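What follows is a short report on a single structure.
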Amino acid sequence: YSYGAETLPAGGNEAYVWWTHRTGKGEGNFRADDVQFEFEHGWSDHFQTSFYVTGRAFDYGNGAVEDEETGEAKTLHRNLDFDGVKASFKWNLKSPEKEGYGLALYLEPEYSTLHRPGGERFKEVGLESKLILQKNFLEDQLVTVYNLTLEPEWEQEDGTWERELYVENSAGISYRFAPNWFAGLETRVDMAFPDYSEREFWAWFAGPSIHYGGEKYWATLTWMPQIKGGPTDPDRSTSLHLEQREKSEVRLKFGMNF
């Protein structure tokens with residue numbers, strides 16, 4: 001989930017597949033799958049761009065998701081469907097290997113047509129920005145990162161545009177325990193502020209990851225259960241926020257260099 005500060009070398013290319021499986025709303029059955037296809041290119045040793053095509057699939061019912069206005073239970077069975085497109089721009093300002101720490105700036109405009117919590121059709125544009133810090137230890141055997149994400153979003157519902165500020169703090173640590181293999185821990189806190197005013201919700205996630213990095217191929221698998229959140233619905237959970245977020249996420253990323 002957290003990004004490192006490095007960028008691709010000049011002329012380098014990578015292709016990625018992202019798959020995120022989200023489950024658990026405290027009631028009924030809920031499963032959602034978020035899929036991204038990404039192409040990344042390094043224009044210089046310190047600047048890269050990416051282009052994404054995204055999709056989502058949903059399968060829920062029996063009270064897992066309720067209508068925001070009526071409170072009635074909703075049911076949806078949707079196979080993988082087109083969600084939107086994104087682009088990203090990443091500038092590496094400091095190298096963790098050459099200058100002792102890594103620093104990068106990241107900007108990602110996006111357009112989405114499927115609401116993340118329940119899959120309703122809508123229109124959303126956003127501009128995600130990240131401050132990325134990285135520090136390596138033990139001759140790069142131990143890697144630590146921190147990301148601060150700020151994302152203003154504009155959603156169109158019922159013909160009107162509503163704005164929201166999404167904020168995320170995330171951090172991770174990984175250790176190379178064998179050639180090409182890393183094990184790690186990661187944590188993140190999500191928050192949303194409708195109309196840039198009072199906070200709507202917060203959710204804290206933390207969990208383990210395993211990474212394999214070969215010369216041409218690599219893959220990372222992460223399990224990220226929700227530890228605590230709010231506000232809570234006592235009928236669903238006394239400690240977790242399960243309206244906008246889920247009990248658990250599993251993410252697999254597969255990449256290829258060429």
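In the structure tokens, chains take letters A, B, ... by order of appearance, with residues numbered from 1 within each chain and ligands from 1 in the order shown.
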Determine, counting only C-alpha atoms, which protein, DNA and RNA residues have an atom within 7 Å of an atom of A:Ser112; residues of the same chain fewer than 3 positions away are not included. Present the result as a PDB file with N, CA and C atoms, in the first residue's frame.
```
ATOM      1  N   ASP A  83     -14.270   0.803 -14.307  1.00  0.00           N
ATOM      2  CA  ASP A  83     -14.457   1.839 -13.292  1.00  0.00           C
ATOM      3  C   ASP A  83     -13.938   3.188 -13.751  1.00  0.00           C
ATOM      4  N   GLY A  84     -12.711   3.238 -14.280  1.00  0.00           N
ATOM      5  CA  GLY A  84     -12.194   4.536 -14.674  1.00  0.00           C
ATOM      6  C   GLY A  84     -10.748   4.466 -15.126  1.00  0.00           C
ATOM      7  N   VAL A  85     -10.129   5.641 -15.185  1.00  0.00           N
ATOM      8  CA  VAL A  85      -8.735   5.749 -15.620  1.00  0.00           C
ATOM      9  C   VAL A  85      -8.005   6.700 -14.676  1.00  0.00           C
ATOM     10  N   LYS A 123     -20.154   9.768 -10.812  1.00  0.00           N
ATOM     11  CA  LYS A 123     -18.972  10.338 -11.446  1.00  0.00           C
ATOM     12  C   LYS A 123     -18.121  10.998 -10.370  1.00  0.00           C
ATOM     13  N   GLU A 124     -16.830  10.725 -10.422  1.00  0.00           N
ATOM     14  CA  GLU A 124     -15.909  11.313  -9.451  1.00  0.00           C
ATOM     15  C   GLU A 124     -14.596  11.650 -10.132  1.00  0.00           C
ATOM     16  N   VAL A 125     -14.073  12.820  -9.833  1.00  0.00           N
ATOM     17  CA  VAL A 125     -12.731  13.193 -10.242  1.00  0.00           C
ATOM     18  C   VAL A 125     -11.941  13.506  -8.974  1.00  0.00           C
TER      19      VAL A 125
END
```
Go through A:Val65, A:Leu127, A:Met256, A:Leu103 and flag the residue nearest A:Tyr146, using only C-alpha atoms for the distances.
-> A:Leu103
Could you give me the residues within stretch 58-245 of chain A that DSSP places in strand (DSSP E or B), as a PyMOL selection string?
-> chain A and resi 58-66+73-94+102-114+121-137+142-157+160-178+181-194+201-213+217-230
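Closest approach to A:Asp45 from the set A:Asp67, A:Glu14, A:Glu198, A:Glu6 is made by A:Glu6, with distances taken over only C-alpha atoms.
Minimum atom-to-atom distances from A:Arg176, A:Lys98, A:Arg199, A:Lys228 to A:Lys247 were compared using only C-alpha atoms, and the lowest value belongs to A:Lys228.
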What are the closest atom pairs, with distances in Å to one decimal, for all residues of stretch 131-246 of chain A lying within 10 Å of stretch 105-109 of chain A? Consider only C-alpha atoms, order rows by chain and residue number, and present the result as a tab-separated table.
```
residue	atom	partner	partner_atom	distance
A:Leu131	CA	A:Leu105	CA	5.2
A:Ile132	CA	A:Leu105	CA	6.2
A:Leu133	CA	A:Leu105	CA	9.1
A:Asn147	CA	A:Leu105	CA	9.9
A:Thr149	CA	A:Tyr106	CA	9.1
A:Leu150	CA	A:Leu107	CA	9.8
A:Glu151	CA	A:Glu108	CA	9.0
A:Glu153	CA	A:Pro109	CA	9.9
```
Within 8 Å of A:Leu80, counting only C-alpha atoms, which residues qualify if same-chain residues fewer than 6 places away don't, as a ChimeraX atom specification?
-> /A:33,55-58
Using only C-alpha atoms, find the one residue out of A:Thr187, A:Phe201, A:Thr20, A:Gly214 that sits nearest to A:Ile227.
-> A:Thr187
Compare A:Phe254, A:Pro231, A:Gly4, A:Trp204 by their minimum atom-to-atom distance to A:Tyr217, counting only C-alpha atoms, and give me the closest one.
-> A:Phe254
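The space between atom CA of A:Asp195 and atom CA of A:Asp34 spans 26.0 Å.
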Between A:Ala32, A:Val250, A:Ile210, A:Val189, which has the minimum distance to A:Gly229 (counting only C-alpha atoms)?
->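 For A:Gly229, the nearest of the given residues is A:Val189.
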Which neighbours of A:Ala64 fall inside 8 Å, counting only C-alpha atoms, when residues of the same chain fewer than 6 positions from it are skipped, and could you give them as a compact mmCIF listing (two decimals) with C-alpha atoms, in the first residue's frame?
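Output (selection.txt):
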```
# COMPACT_ATOMS: atom_id res chain seq x y z
CA LYS A 25 -19.45 -5.41 6.68
CA GLY A 26 -20.52 -6.87 10.02
CA GLU A 27 -23.86 -8.01 8.57
CA GLY A 28 -24.86 -10.13 5.59
CA ASN A 29 -22.31 -11.09 2.96
CA PHE A 30 -19.98 -8.63 1.26
CA ALA A 73 -30.96 -3.32 2.51
CA LYS A 74 -29.44 -3.45 -0.98
```
Neighbours of A:Ala219 within 6 Å (only C-alpha atoms; same-chain residues fewer than 4 positions away dropped), as a ChimeraX atom specification?
-> /A:211-212,253-254
Could you build a table of the residues in stretch 199-225 of chain A lying no more than 12 Å from stretch 156-172 of chain A, giving for each the nearest pair of atoms and their separation in Å rounded to one decimal place, using only C-alpha atoms, ordered by chain and ascending residue number, as JSON lines?
```
{"residue": "A:Arg199", "atom": "CA", "partner": "A:Leu165", "partner_atom": "CA", "distance": 9.3}
{"residue": "A:Glu200", "atom": "CA", "partner": "A:Glu164", "partner_atom": "CA", "distance": 9.7}
{"residue": "A:Phe201", "atom": "CA", "partner": "A:Tyr166", "partner_atom": "CA", "distance": 10.1}
{"residue": "A:Trp202", "atom": "CA", "partner": "A:Val167", "partner_atom": "CA", "distance": 9.4}
{"residue": "A:Ala203", "atom": "CA", "partner": "A:Glu168", "partner_atom": "CA", "distance": 9.7}
{"residue": "A:Trp204", "atom": "CA", "partner": "A:Asn169", "partner_atom": "CA", "distance": 9.5}
{"residue": "A:Phe205", "atom": "CA", "partner": "A:Ser170", "partner_atom": "CA", "distance": 9.3}
{"residue": "A:Ala206", "atom": "CA", "partner": "A:Gly172", "partner_atom": "CA", "distance": 9.4}
{"residue": "A:Gly207", "atom": "CA", "partner": "A:Gly172", "partner_atom": "CA", "distance": 9.6}
{"residue": "A:Pro208", "atom": "CA", "partner": "A:Gly172", "partner_atom": "CA", "distance": 9.4}
{"residue": "A:Ser209", "atom": "CA", "partner": "A:Gly172", "partner_atom": "CA", "distance": 9.5}
{"residue": "A:Ile210", "atom": "CA", "partner": "A:Gly172", "partner_atom": "CA", "distance": 12.0}
{"residue": "A:Thr222", "atom": "CA", "partner": "A:Gly172", "partner_atom": "CA", "distance": 11.3}
{"residue": "A:Met224", "atom": "CA", "partner": "A:Gly172", "partner_atom": "CA", "distance": 11.9}
```
